[in-house]
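Undergrad: Just so it is clear, I am handing over target-v7.cif, which has mmCIF, C-alpha atoms.
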data_run
#
loop_
_atom_site.label_atom_id
_atom_site.label_comp_id
_atom_site.auth_asym_id
_atom_site.auth_seq_id
_atom_site.Cartn_x
_atom_site.Cartn_y
_atom_site.Cartn_z
CA MET K 4 -54.26 -18.37 -28.04
CA ALA K 5 -55.82 -21.68 -27.00
CA HIS K 6 -52.98 -23.47 -25.32
CA LEU K 7 -52.94 -25.99 -22.52
CA HIS K 8 -53.29 -23.23 -19.95
CA ASP K 9 -56.55 -22.11 -21.59
CA ILE K 10 -58.29 -25.43 -20.94
CA PRO K 11 -60.52 -25.18 -17.85
CA GLN K 12 -59.64 -27.23 -14.81
CA PRO K 13 -59.81 -30.08 -13.99
CA THR K 14 -59.76 -31.04 -17.68
CA ARG K 15 -56.42 -29.24 -18.12
CA ASP K 16 -54.65 -31.46 -15.62
CA ALA K 17 -56.30 -34.56 -17.08
CA VAL K 18 -55.13 -33.66 -20.60
CA ALA K 19 -51.66 -32.68 -19.44
CA GLY K 20 -51.33 -35.87 -17.44
CA LEU K 21 -52.20 -38.19 -20.29
CA VAL K 22 -49.14 -40.24 -21.10
CA SER K 23 -48.67 -40.37 -24.84
CA PRO K 24 -46.77 -43.35 -26.17
CA GLY K 25 -43.28 -42.86 -27.46
CA PHE K 26 -41.88 -44.97 -30.30
CA ASP K 27 -38.44 -46.50 -30.70
CA THR K 28 -38.29 -45.87 -34.42
CA THR K 29 -38.93 -42.79 -36.52
CA PRO K 30 -40.08 -43.99 -39.95
CA PHE K 31 -40.44 -41.24 -42.52
CA VAL K 32 -42.14 -42.17 -45.79
CA THR K 33 -41.39 -40.01 -48.79
CA GLY K 34 -43.52 -39.84 -51.89
CA PRO K 35 -44.59 -37.85 -54.93
CA PRO K 36 -45.15 -34.09 -54.89
CA LEU K 37 -48.27 -32.91 -53.04
CA ALA K 38 -50.01 -32.17 -56.34
CA ARG K 39 -49.88 -35.89 -57.14
CA ARG K 40 -50.86 -37.19 -53.71
CA ARG K 41 -54.22 -38.79 -52.99
CA VAL K 42 -55.18 -37.89 -49.43
CA ALA K 43 -57.38 -39.63 -46.87
CA VAL K 44 -58.59 -38.32 -43.51
CA LEU K 45 -58.42 -40.26 -40.27
CA SER K 46 -60.42 -38.72 -37.44
CA SER K 47 -60.17 -39.72 -33.80
CA ALA K 48 -63.69 -38.37 -33.13
CA ALA K 49 -65.35 -41.81 -33.24
CA LEU K 50 -67.39 -40.73 -36.24
CA ILE K 51 -70.08 -43.17 -37.28
CA ARG K 52 -72.62 -43.29 -40.04
CA ARG K 53 -76.18 -42.59 -38.93
CA GLY K 54 -77.82 -45.88 -38.05
CA GLU K 55 -74.61 -47.56 -36.91
CA LEU K 56 -74.03 -48.34 -33.26
CA PRO K 57 -71.75 -45.83 -31.51
CA PHE K 58 -68.18 -46.83 -30.74
CA PRO K 59 -68.09 -48.64 -27.38
CA PRO K 60 -65.74 -47.02 -24.84
CA GLY K 61 -62.23 -48.40 -25.17
CA SER K 62 -62.86 -49.79 -28.62
CA ALA K 63 -59.90 -50.22 -30.96
CA GLU K 64 -62.14 -50.79 -33.96
CA LEU K 65 -62.02 -48.95 -37.24
CA ARG K 66 -64.97 -47.37 -39.00
CA ILE K 67 -64.64 -46.74 -42.70
CA LEU K 68 -66.34 -43.61 -43.97
CA PRO K 69 -66.97 -43.66 -47.73
CA ALA K 70 -66.18 -40.29 -49.24
CA ASP K 71 -69.69 -39.95 -50.61
CA THR K 72 -71.33 -40.25 -47.18
CA PRO K 73 -73.52 -37.15 -46.76
CA ALA K 74 -72.36 -34.88 -43.93
CA GLY K 75 -75.79 -35.22 -42.37
CA ASP K 76 -75.25 -38.95 -41.98
CA LEU K 77 -72.10 -38.57 -39.88
CA LEU K 78 -72.39 -38.49 -36.09
CA MET K 79 -69.78 -38.15 -33.37
CA SER K 80 -69.70 -40.91 -30.74
CA HIS K 81 -66.46 -40.11 -28.90
CA VAL K 82 -66.66 -41.12 -25.26
CA SER K 83 -65.09 -37.94 -23.88
CA ILE K 84 -67.34 -35.04 -22.90
CA ASN K 85 -64.45 -32.67 -22.30
CA PHE K 86 -63.99 -31.21 -25.75
CA ASP K 87 -66.10 -28.88 -27.85
CA ARG K 88 -68.88 -30.17 -30.11
CA ALA K 89 -70.36 -26.80 -31.09
CA GLY K 90 -67.85 -26.39 -33.91
CA PHE K 91 -68.70 -29.83 -35.29
CA GLN K 92 -72.40 -29.08 -34.97
CA ARG K 93 -71.98 -25.90 -36.97
CA ASP K 94 -69.58 -27.16 -39.63
CA ILE K 95 -68.39 -30.73 -40.02
CA ASN K 96 -65.21 -29.49 -41.68
CA THR K 97 -64.06 -28.20 -38.28
CA VAL K 98 -63.39 -31.87 -37.48
CA TYR K 99 -63.54 -33.76 -40.76
CA PRO K 100 -62.37 -31.45 -43.58
CA LEU K 101 -63.50 -33.41 -46.59
CA ASP K 102 -65.08 -30.42 -48.35
CA ARG K 103 -61.82 -28.50 -48.01
CA LEU K 104 -59.82 -31.43 -49.42
CA ARG K 105 -62.17 -31.66 -52.39
CA GLU K 106 -61.59 -27.97 -53.06
CA LEU K 107 -57.84 -28.50 -52.89
CA ALA K 108 -58.15 -31.37 -55.36
CA VAL K 109 -60.17 -29.23 -57.79
CA ALA K 110 -57.56 -26.50 -57.47
CA GLY K 111 -54.79 -28.98 -58.21
CA VAL K 112 -53.08 -28.46 -54.86
CA ILE K 113 -53.41 -32.16 -54.07
CA GLY K 114 -53.74 -34.99 -56.52
CA GLY K 115 -57.06 -36.28 -55.25
CA VAL K 116 -59.28 -37.27 -52.36
CA ALA K 117 -59.47 -40.87 -51.24
CA ARG K 118 -62.57 -42.99 -51.78
CA SER K 119 -62.45 -44.11 -48.13
CA HIS K 120 -61.76 -42.23 -44.94
CA TYR K 121 -61.42 -43.50 -41.41
CA SER K 122 -62.44 -42.96 -37.84
CA VAL K 123 -61.29 -44.41 -34.54
CA MET K 124 -62.03 -43.80 -30.87
CA GLY K 125 -59.34 -41.37 -29.86
CA ALA K 126 -59.54 -42.25 -26.18
CA THR K 127 -58.28 -45.77 -26.86
CA ASP K 128 -54.62 -46.60 -26.30
CA PRO K 129 -53.00 -46.30 -29.74
CA LEU K 130 -50.74 -49.24 -28.95
CA ALA K 131 -53.90 -51.42 -28.99
CA MET K 132 -54.59 -50.36 -32.57
CA ALA K 133 -52.00 -52.37 -34.49
CA GLU K 134 -54.67 -54.29 -36.40
CA THR K 135 -56.51 -51.04 -37.11
CA ALA K 136 -53.32 -49.54 -38.53
CA ASP K 137 -52.82 -52.68 -40.65
CA ALA K 138 -56.34 -52.35 -42.04
CA VAL K 139 -56.00 -48.64 -42.81
CA ALA K 140 -52.63 -49.10 -44.52
CA ALA K 141 -53.88 -52.03 -46.60
CA ARG K 142 -56.94 -50.15 -47.76
CA CYS K 143 -54.88 -47.07 -48.58
CA ARG K 144 -52.55 -49.16 -50.72
CA ASP K 145 -55.53 -50.75 -52.49
CA GLU K 146 -57.03 -47.33 -53.21
CA GLY K 147 -53.80 -45.64 -54.28
CA VAL K 148 -53.73 -43.34 -51.26
CA ASP K 149 -50.31 -42.02 -50.37
CA ALA K 150 -51.00 -39.60 -47.52
CA ILE K 151 -53.25 -39.64 -44.48
CA LEU K 152 -54.25 -36.48 -42.66
CA LEU K 153 -54.70 -37.33 -38.98
CA CYS K 154 -57.24 -35.10 -37.25
CA PRO K 155 -57.42 -35.77 -33.51
CA VAL K 156 -60.02 -33.93 -31.46
CA MET E 150 -47.84 -46.64 -36.73
CA LEU E 151 -49.12 -45.91 -40.22
CA GLU E 152 -45.78 -44.57 -41.37
CA SER E 153 -44.11 -47.85 -40.40
CA ARG E 154 -46.65 -49.52 -42.68
CA GLY E 155 -45.58 -47.39 -45.61
CA ILE E 156 -48.16 -44.59 -45.61
CA ALA E 157 -47.07 -40.98 -45.14
CA THR E 158 -48.96 -39.09 -42.44
CA ILE E 159 -49.51 -35.56 -41.22
CA VAL E 160 -51.09 -34.90 -37.85
CA ILE E 161 -52.88 -31.71 -36.85
CA GLY E 162 -52.40 -31.71 -33.09
CA LEU E 163 -54.22 -29.75 -30.38
CA VAL E 164 -51.90 -30.55 -27.45
CA ARG E 165 -48.29 -29.69 -28.14
CA ARG E 166 -47.02 -31.69 -25.17
CA HIS E 167 -48.51 -34.87 -26.62
CA MET E 168 -46.88 -34.19 -29.98
CA GLU E 169 -43.51 -33.71 -28.31
CA GLN E 170 -43.95 -37.09 -26.63
CA THR E 171 -45.15 -39.09 -29.64
CA ARG E 172 -42.83 -37.34 -32.14
CA PRO E 173 -44.90 -37.91 -35.30
CA PRO E 174 -43.11 -37.66 -38.65
CA ARG E 175 -45.00 -34.52 -39.63
CA GLY E 176 -46.93 -32.61 -37.01
CA LEU E 177 -48.64 -29.23 -37.07
CA PHE E 178 -49.53 -27.92 -33.63
CA VAL E 179 -52.61 -25.72 -33.79
CA PRO E 180 -53.55 -23.45 -30.85
CA PHE E 181 -57.26 -24.19 -31.06
CA GLN E 182 -59.68 -25.50 -28.49
CA LEU E 183 -60.08 -29.23 -28.05
CA GLY E 184 -62.57 -30.59 -30.57
CA ARG E 185 -61.66 -28.16 -33.37
CA PRO E 186 -58.57 -29.35 -35.27
CA LEU E 187 -59.43 -27.08 -38.22
CA GLY E 188 -60.00 -24.21 -35.83
CA GLU E 189 -62.90 -22.21 -37.09
CA PRO E 190 -66.32 -23.44 -38.25
CA GLU E 191 -67.79 -21.88 -41.39
CA ASP E 192 -64.52 -20.20 -42.30
CA PRO E 193 -63.22 -22.06 -45.36
CA ALA E 194 -60.38 -19.58 -45.87
CA PHE E 195 -59.08 -20.17 -42.35
CA GLN E 196 -59.48 -23.93 -42.69
CA HIS E 197 -57.58 -23.81 -45.99
CA ARG E 198 -54.69 -22.01 -44.30
CA VAL E 199 -54.51 -24.78 -41.70
CA LEU E 200 -54.61 -27.45 -44.38
CA ALA E 201 -52.05 -25.69 -46.57
CA HIS E 202 -49.63 -25.55 -43.67
CA ALA E 203 -50.27 -29.17 -42.67
CA LEU E 204 -50.19 -30.70 -46.15
CA GLY E 205 -47.17 -28.59 -47.04
CA LEU E 206 -45.19 -30.70 -44.59
CA LEU E 207 -45.45 -33.53 -47.13
CA GLU E 208 -43.10 -31.55 -49.37
CA ARG E 209 -40.41 -31.47 -46.70
CA ALA E 210 -37.51 -33.92 -46.68
CA ASP E 211 -35.94 -32.88 -43.37
CA GLY E 212 -37.56 -35.59 -41.24
CA PRO E 213 -37.85 -37.96 -39.55
CA VAL E 214 -39.60 -35.68 -37.03
CA ILE E 215 -41.04 -32.33 -38.10
CA LEU E 216 -43.07 -30.30 -35.62
CA GLU E 217 -44.38 -26.94 -36.72
CA ASP E 218 -46.55 -24.35 -34.97
CA PHE E 219 -49.52 -22.83 -36.78
CA PRO E 220 -49.13 -19.07 -36.30
CA GLU E 221 -52.76 -17.95 -36.12
CA ASP E 222 -55.43 -18.08 -33.43
CA ALA E 223 -58.94 -19.16 -34.32
CA PRO E 224 -60.68 -15.80 -34.72
CA ASN E 225 -63.82 -16.58 -32.76
CA TRP E 226 -62.30 -18.24 -29.73
CA HIS E 227 -63.61 -15.46 -27.47
CA ASP E 228 -67.23 -14.91 -26.45
CA THR E 229 -69.49 -13.15 -28.94
CA PRO E 230 -70.77 -9.86 -27.51
CA GLY E 231 -74.52 -9.52 -27.66
CA TRP E 232 -75.20 -13.16 -28.40
CA THR E 233 -78.75 -14.04 -27.37
CA PRO E 234 -79.63 -17.67 -26.64
CA PRO E 235 -83.00 -19.12 -27.57
CA ASP E 236 -85.83 -18.38 -25.14
CA LEU E 237 -86.60 -21.14 -22.67
CA PRO E 238 -89.82 -21.41 -20.69
CA ALA E 239 -89.51 -20.32 -17.08
CA CYS E 240 -89.67 -23.37 -14.85
CA ALA E 241 -88.87 -24.21 -11.25
CA ARG E 242 -86.50 -27.11 -10.70
CA PRO E 243 -88.67 -30.28 -10.70
CA ASP E 244 -88.40 -32.69 -7.79
CA THR E 245 -90.03 -35.82 -9.17
CA PRO E 246 -89.27 -37.97 -12.24
CA ASP E 247 -92.63 -37.05 -13.76
CA GLY E 248 -91.99 -33.40 -13.00
CA TRP E 249 -88.71 -33.63 -14.93
CA ARG E 250 -90.53 -35.37 -17.79
CA VAL E 251 -93.12 -32.63 -18.07
CA ALA E 252 -90.63 -29.76 -17.74
CA PHE E 253 -88.13 -31.28 -20.19
CA ALA E 254 -90.87 -32.00 -22.73
CA ALA E 255 -92.08 -28.40 -22.48
CA GLU E 256 -88.55 -27.07 -22.95
CA LEU E 257 -87.92 -29.33 -25.96
CA ALA E 258 -91.18 -28.18 -27.53
CA ALA E 259 -90.22 -24.55 -26.98
CA LEU E 260 -86.80 -25.15 -28.50
CA ARG E 261 -88.10 -27.02 -31.54
CA PRO E 262 -88.41 -23.99 -33.85
CA ALA E 263 -84.81 -23.00 -33.14
CA TRP E 264 -83.60 -26.55 -33.74
CA ASP E 265 -85.56 -26.72 -37.00
CA ALA E 266 -83.97 -23.42 -38.02
CA ALA E 267 -80.51 -24.78 -37.17
CA ARG E 268 -81.04 -27.86 -39.30
CA GLY E 269 -82.11 -25.61 -42.14
CA ARG E 270 -79.16 -23.30 -41.68
CA PHE E 271 -76.49 -25.97 -41.40
CA GLY E 272 -78.12 -28.50 -43.73
CA ARG E 273 -77.65 -31.31 -41.27
CA SER E 274 -77.93 -32.35 -37.65
CA SER E 275 -75.52 -34.21 -35.39
CA VAL E 276 -78.40 -35.58 -33.29
CA GLY E 277 -79.08 -39.28 -33.71
CA LEU E 278 -76.70 -41.50 -31.76
CA THR E 279 -79.60 -43.21 -29.99
CA ALA E 280 -81.94 -43.24 -33.01
CA ARG E 281 -84.71 -42.06 -30.63
CA GLU E 282 -86.85 -39.06 -31.57
CA PRO E 283 -86.69 -36.06 -29.22
CA GLU E 284 -90.34 -36.60 -28.31
CA GLU E 285 -89.29 -39.92 -26.74
CA TRP E 286 -86.48 -38.46 -24.63
CA PRO E 287 -88.44 -37.08 -21.65
CA ALA E 288 -90.13 -40.40 -20.85
CA ILE E 289 -86.84 -42.30 -21.17
CA CYS E 290 -85.06 -39.87 -18.86
CA ALA E 291 -87.93 -40.04 -16.34
CA ARG E 292 -87.57 -43.81 -16.15
CA PHE E 293 -83.88 -43.52 -15.32
CA LEU E 294 -84.65 -40.78 -12.79
CA ALA E 295 -87.13 -43.18 -11.17
CA GLY E 296 -84.35 -45.74 -10.74
CA GLU E 297 -85.15 -47.96 -13.71
CA THR E 298 -82.44 -49.01 -16.16
CA PRO E 299 -84.28 -49.51 -19.46
CA PRO E 300 -82.32 -50.30 -22.62
CA ILE E 301 -82.54 -47.71 -25.39
CA PRO E 302 -82.67 -49.91 -28.49
CA PRO E 303 -80.70 -50.46 -30.62
CA ILE E 304 -78.07 -49.80 -27.92
CA ALA E 305 -78.34 -52.85 -25.67
CA ALA E 306 -76.56 -51.62 -22.54
CA PRO E 307 -78.74 -49.14 -20.60
CA ALA E 308 -75.75 -47.18 -19.26
CA LEU E 309 -74.34 -46.71 -22.76
CA GLY E 310 -77.74 -45.83 -24.11
CA LEU E 311 -78.24 -43.12 -21.51
CA ARG E 312 -74.70 -41.87 -22.03
CA HIS E 313 -75.40 -41.37 -25.75
CA LEU E 314 -78.84 -39.91 -25.05
CA CYS E 315 -77.03 -37.24 -23.03
CA ASP E 316 -74.98 -36.52 -26.17
CA ASP E 317 -78.11 -36.28 -28.30
CA ILE E 318 -79.71 -33.87 -25.84
CA LYS E 319 -76.62 -31.65 -25.73
CA ALA E 320 -76.34 -31.75 -29.53
CA LEU E 321 -79.93 -30.60 -30.04
CA TYR E 322 -79.47 -27.73 -27.61
CA GLY E 323 -76.09 -26.84 -29.09
CA GLU E 324 -77.52 -26.70 -32.59
CA ALA E 325 -80.54 -24.68 -31.46
CA ALA E 326 -78.24 -22.23 -29.69
CA GLN E 327 -76.43 -21.58 -32.97
CA ALA E 328 -79.51 -21.36 -35.15
CA THR E 329 -79.42 -17.65 -35.88
CA GLY E 330 -77.08 -14.71 -35.85
CA ARG E 331 -73.36 -14.67 -35.17
CA ALA E 332 -71.86 -17.81 -33.74
CA PRO E 333 -71.62 -17.94 -29.95
CA SER E 334 -68.40 -19.24 -28.46
CA ALA E 335 -68.34 -22.83 -27.28
CA ARG E 336 -68.18 -21.52 -23.73
CA GLN E 337 -71.35 -19.47 -24.26
CA VAL E 338 -73.21 -22.51 -25.61
CA ASP E 339 -72.08 -24.69 -22.71
CA GLY E 340 -72.77 -22.04 -20.09
CA TRP E 341 -76.28 -21.51 -21.39
CA PHE E 342 -77.01 -25.23 -21.48
CA TRP E 343 -75.65 -26.11 -18.04
CA ARG E 344 -76.72 -23.02 -16.13
CA GLU E 345 -80.00 -22.02 -17.75
CA SER E 346 -81.74 -25.02 -19.26
CA ILE E 347 -83.91 -27.59 -17.54
CA ALA E 348 -82.12 -30.19 -19.66
CA GLY E 349 -78.76 -29.28 -18.15
CA LYS E 350 -80.15 -29.49 -14.64
CA MET E 351 -81.82 -32.79 -15.53
CA LEU E 352 -78.51 -34.25 -16.69
CA LEU E 353 -77.03 -33.28 -13.34
CA ALA E 354 -79.99 -35.03 -11.65
CA LEU E 355 -79.46 -38.09 -13.84
CA ARG E 356 -75.82 -38.11 -12.83
CA ALA E 357 -76.79 -38.09 -9.16
CA VAL E 358 -79.20 -41.00 -9.71
CA ALA E 359 -76.57 -42.91 -11.68
CA LEU E 360 -73.98 -42.48 -8.97
CA GLY E 361 -76.38 -44.11 -6.51
CA SER E 362 -77.31 -46.95 -8.83
CA PRO E 363 -76.53 -50.60 -8.04
CA SER E 364 -75.37 -50.85 -11.66
CA ASN E 365 -71.61 -50.45 -11.86
CA ALA E 366 -71.87 -49.52 -15.54
CA LEU E 367 -74.37 -46.76 -14.79
CA ARG E 368 -72.26 -45.44 -11.92
CA THR E 369 -69.25 -45.29 -14.22
CA ALA E 370 -71.13 -43.69 -17.11
CA GLY E 371 -72.85 -41.18 -14.85
CA GLY E 372 -69.72 -40.29 -12.97
CA ARG E 373 -67.55 -39.71 -16.00
CA PHE E 374 -69.65 -39.13 -19.08
CA PHE E 375 -72.82 -37.15 -18.35
CA VAL E 376 -71.58 -33.78 -17.08
CA PRO E 377 -68.27 -32.06 -17.96
CA ALA E 378 -66.09 -31.54 -14.93
CA PRO E 379 -66.13 -27.72 -15.03
CA TYR E 380 -69.90 -27.73 -14.47
CA LEU E 381 -69.87 -30.16 -11.56
CA ALA E 382 -68.40 -27.62 -9.21
CA GLU E 383 -71.12 -25.04 -9.81
#
Would you put the structure from the file into structure tokens?
TA:
Amino acid sequence: MAHLHDIPQPTRDAVAGLVSPGFDTTPFVTGPPLARRRVAVLSSAALIRRGELPFPPGSAELRILPADTPAGDLLMSHVSINFDRAGFQRDINTVYPLDRLRELAVAGVIGGVARSHYSVMGATDPLAMAETADAVAARCRDEGVDAILLCPV
Amino acid sequence: MLESRGIATIVIGLVRRHMEQTRPPRGLFVPFQLGRPLGEPEDPAFQHRVLAHALGLLERADGPVILEDFPEDAPNWHDTPGWTPPDLPACARPDTPDGWRVAFAAELAALRPAWDAARGRFGRSSVGLTAREPEEWPAICARFLAGETPPIPPIAAPALGLRHLCDDIKALYGEAAQATGRAPSARQVDGWFWRESIAGKMLLALRAVALGSPSNALRTAGGRFFVPAPYLAE
């Protein structure tokens, strides 16, 4: 098993010591059955399209990844060097599972795959990302997306 | 934050403690290594099991906080017996910036066939953050090793440029290491890069130069973002 105790030191203590924000409310949005849901992916891997500038450290910005972006045009610009990249190098779906979602849509398990997907810099304080969350939610509403799969790295 | 804006979410989380603190509406804890939320590269069936479990939480009505544990390990978490890394030219540790340039260029040239094979095998490459060709890398690194702080256009800040060049270097070696045969573990790839390659030793040398730089940005980048902590102690 790859649990916290499997992470080599001193990264383990750094990860364990990260204070994750708590929230006062617990909203819980219901919706249609999974087979009618259109799903988007939001990755914290600071994915960019080839040719774009990498995410600056500490950035709260949002990058929009059109669904038809070729896998070879997606790069990872996350500031941290303490997580694995070999899996991403070998298969982008290890981090950003768009091919798998497309297969689920074809099989009728989900209703569809969103036209737009999203990436942020996972090392940034989430509480600084209110505008980012506004932008993602607005775009999802515009595109008829009713579920977001969050894939932190 | 998205749920409060009306969009249902599911999070695939790699650190259970963080999920317990943030209490997302629908969370699936997966016991995979950091950087691999879907667990296993090139294993669509495994990835589908992760997704089925995660997306299945959307069918649940027993919120507002659901935290589940994925029951499987990633099958190739452990080292791959018999894995053979690409051959690297034998080379003594250089002691001048130009010596590093020459040795790194020779190693890149030797690794090129494996990297080409990797790009063919995987149909893509994750190299490209700096938009500089690998043939340009040795001269850029030598300038930093000589104490210069050149920008690496289009990235304006030299410290950021060098930080992302380190990523490009590691990505090329990581892809080359996986070009043929069974997949090595992440630990095997990292161990080979940091212990056996001239590039790994050069990144350690760049870190040492950065830490002595008058540039605060370069000291910060070099201290935190060139070399993973487990390989500093070796």
Undergrad: Please measure the separation of atom CA of E:Ile156 and atom CA of K:Arg103, giving the value in Å to one decimal.
TA: 21.2 Å
Undergrad: Please check the contacts: residues of chain K at most 7 Å away from chain E, using all atoms listed in the file, listed as number ranges by chain.
TA: K: 4-7, 11-14, 23-26, 29-33, 36-37, 53, 56-57, 74-75, 78, 83-90, 92-94, 97-98, 103, 136, 140, 149-156
Undergrad: Please determine an axis-aligned box that encloses all atoms of stretch 39-48 of chain K listed in the file, with 4 Å added on each side, and express its centre and edge lengths in Å to one decimal as JSON.
TA:
{"center_x": -56.8, "center_y": -38.1, "center_z": -45.1, "size_x": 21.8, "size_y": 12.4, "size_z": 32.0}
Undergrad: Tell me, as a compact mmCIF listing (two decimals) with C-alpha atoms, in the coordinates of the input, which residues lie within 7 Å of stretch 242-258 of chain E, counting all atoms listed in the file; anything in the same chain fewer than 6 positions away does not count.
TA:
# COMPACT_ATOMS: atom_id res chain seq x y z
CA PRO E 287 -88.44 -37.08 -21.65
CA ALA E 288 -90.13 -40.40 -20.85
CA ALA E 291 -87.93 -40.04 -16.34
CA LEU E 294 -84.65 -40.78 -12.79
CA ALA E 295 -87.13 -43.18 -11.17
CA ILE E 347 -83.91 -27.59 -17.54
CA ALA E 348 -82.12 -30.19 -19.66
CA MET E 351 -81.82 -32.79 -15.53
Undergrad: Could you jot down the atom CA of K:Val123 to atom CA of K:Ser47 separation for me, Å, one decimal place?
TA: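 The value is 4.9 Å.
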Undergrad: Which residues, written as a list in words, have at least one atom at most 10 Å from E:Ala306, with all atoms listed in the file counted and residues fewer than 6 positions away on the same chain left out?
TA: Thr298, Pro299, Pro300, Arg312, Ala366 and Leu367 of chain E
Undergrad: Determine the nearest neighbour of K:Pro69 from the options K:Val109, K:Val139, K:Leu104, K:Ala117, counting only C-alpha atoms.
TA: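 Counting only C-alpha atoms, the residue closest to K:Pro69 is K:Ala117.
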Undergrad: Go through the shown structure with the PyMOL selection byres ((chain K and resi 101) around 10) and write out the matching residues as a list of chain:residue names.
TA: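 Checking the PyMOL selection byres ((chain K and resi 101) around 10) against this file, the residues are K:Val42, K:Ala43, K:Val44, K:Ala70, K:Asp71, K:Ala74, K:Ile95, K:Asn96, K:Thr97, K:Val98, K:Tyr99, K:Pro100, K:Asp102, K:Arg103, K:Leu104, K:Arg105, K:Glu106, K:Leu107, K:Val116, K:Ala117, K:His120.
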Undergrad: Go ahead and dump the residues you just picked, C-alpha atoms, as a PDB file, keeping the file's coordinate frame.
TA:
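Output (selection12.pdb):
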ATOM      1  CA  VAL K  42     -55.180 -37.890 -49.430  1.00  0.00           C
ATOM      2  CA  ALA K  43     -57.380 -39.630 -46.870  1.00  0.00           C
ATOM      3  CA  VAL K  44     -58.590 -38.320 -43.510  1.00  0.00           C
ATOM      4  CA  ALA K  70     -66.180 -40.290 -49.240  1.00  0.00           C
ATOM      5  CA  ASP K  71     -69.690 -39.950 -50.610  1.00  0.00           C
ATOM      6  CA  ALA K  74     -72.360 -34.880 -43.930  1.00  0.00           C
ATOM      7  CA  ILE K  95     -68.390 -30.730 -40.020  1.00  0.00           C
ATOM      8  CA  ASN K  96     -65.210 -29.490 -41.680  1.00  0.00           C
ATOM      9  CA  THR K  97     -64.060 -28.200 -38.280  1.00  0.00           C
ATOM     10  CA  VAL K  98     -63.390 -31.870 -37.480  1.00  0.00           C
ATOM     11  CA  TYR K  99     -63.540 -33.760 -40.760  1.00  0.00           C
ATOM     12  CA  PRO K 100     -62.370 -31.450 -43.580  1.00  0.00           C
ATOM     13  CA  ASP K 102     -65.080 -30.420 -48.350  1.00  0.00           C
ATOM     14  CA  ARG K 103     -61.820 -28.500 -48.010  1.00  0.00           C
ATOM     15  CA  LEU K 104     -59.820 -31.430 -49.420  1.00  0.00           C
ATOM     16  CA  ARG K 105     -62.170 -31.660 -52.390  1.00  0.00           C
ATOM     17  CA  GLU K 106     -61.590 -27.970 -53.060  1.00  0.00           C
ATOM     18  CA  LEU K 107     -57.840 -28.500 -52.890  1.00  0.00           C
ATOM     19  CA  VAL K 116     -59.280 -37.270 -52.360  1.00  0.00           C
ATOM     20  CA  ALA K 117     -59.470 -40.870 -51.240  1.00  0.00           C
ATOM     21  CA  HIS K 120     -61.760 -42.230 -44.940  1.00  0.00           C
TER      22      HIS K 120
END
Undergrad: Using only C-alpha atoms, which residues sit within 9 Å of stretch 58-61 of chain K once same-chain residues fewer than 6 positions away are excluded, as a list of chain:residue names?
TA: K:Ala49, K:Leu50, K:Ile51, K:Ser80, K:His81, K:Val82, K:Val123, K:Met124, K:Gly125, K:Ala126, K:Thr127, K:Asp128, E:Leu309
Undergrad: Atom CA of E:Glu282 to atom CA of E:Trp232: how many Å, to one decimal?
TA: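 About the pair atom CA of E:Glu282 and atom CA of E:Trp232: they are 28.6 Å apart.
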Undergrad: Carefully work through the PyMOL selection byres ((chain K and resi 65) around 7) for this structure and note down the residues it includes, as a PyMOL selection string.
TA: chain K and resi 63-64+66-67+121-123+135
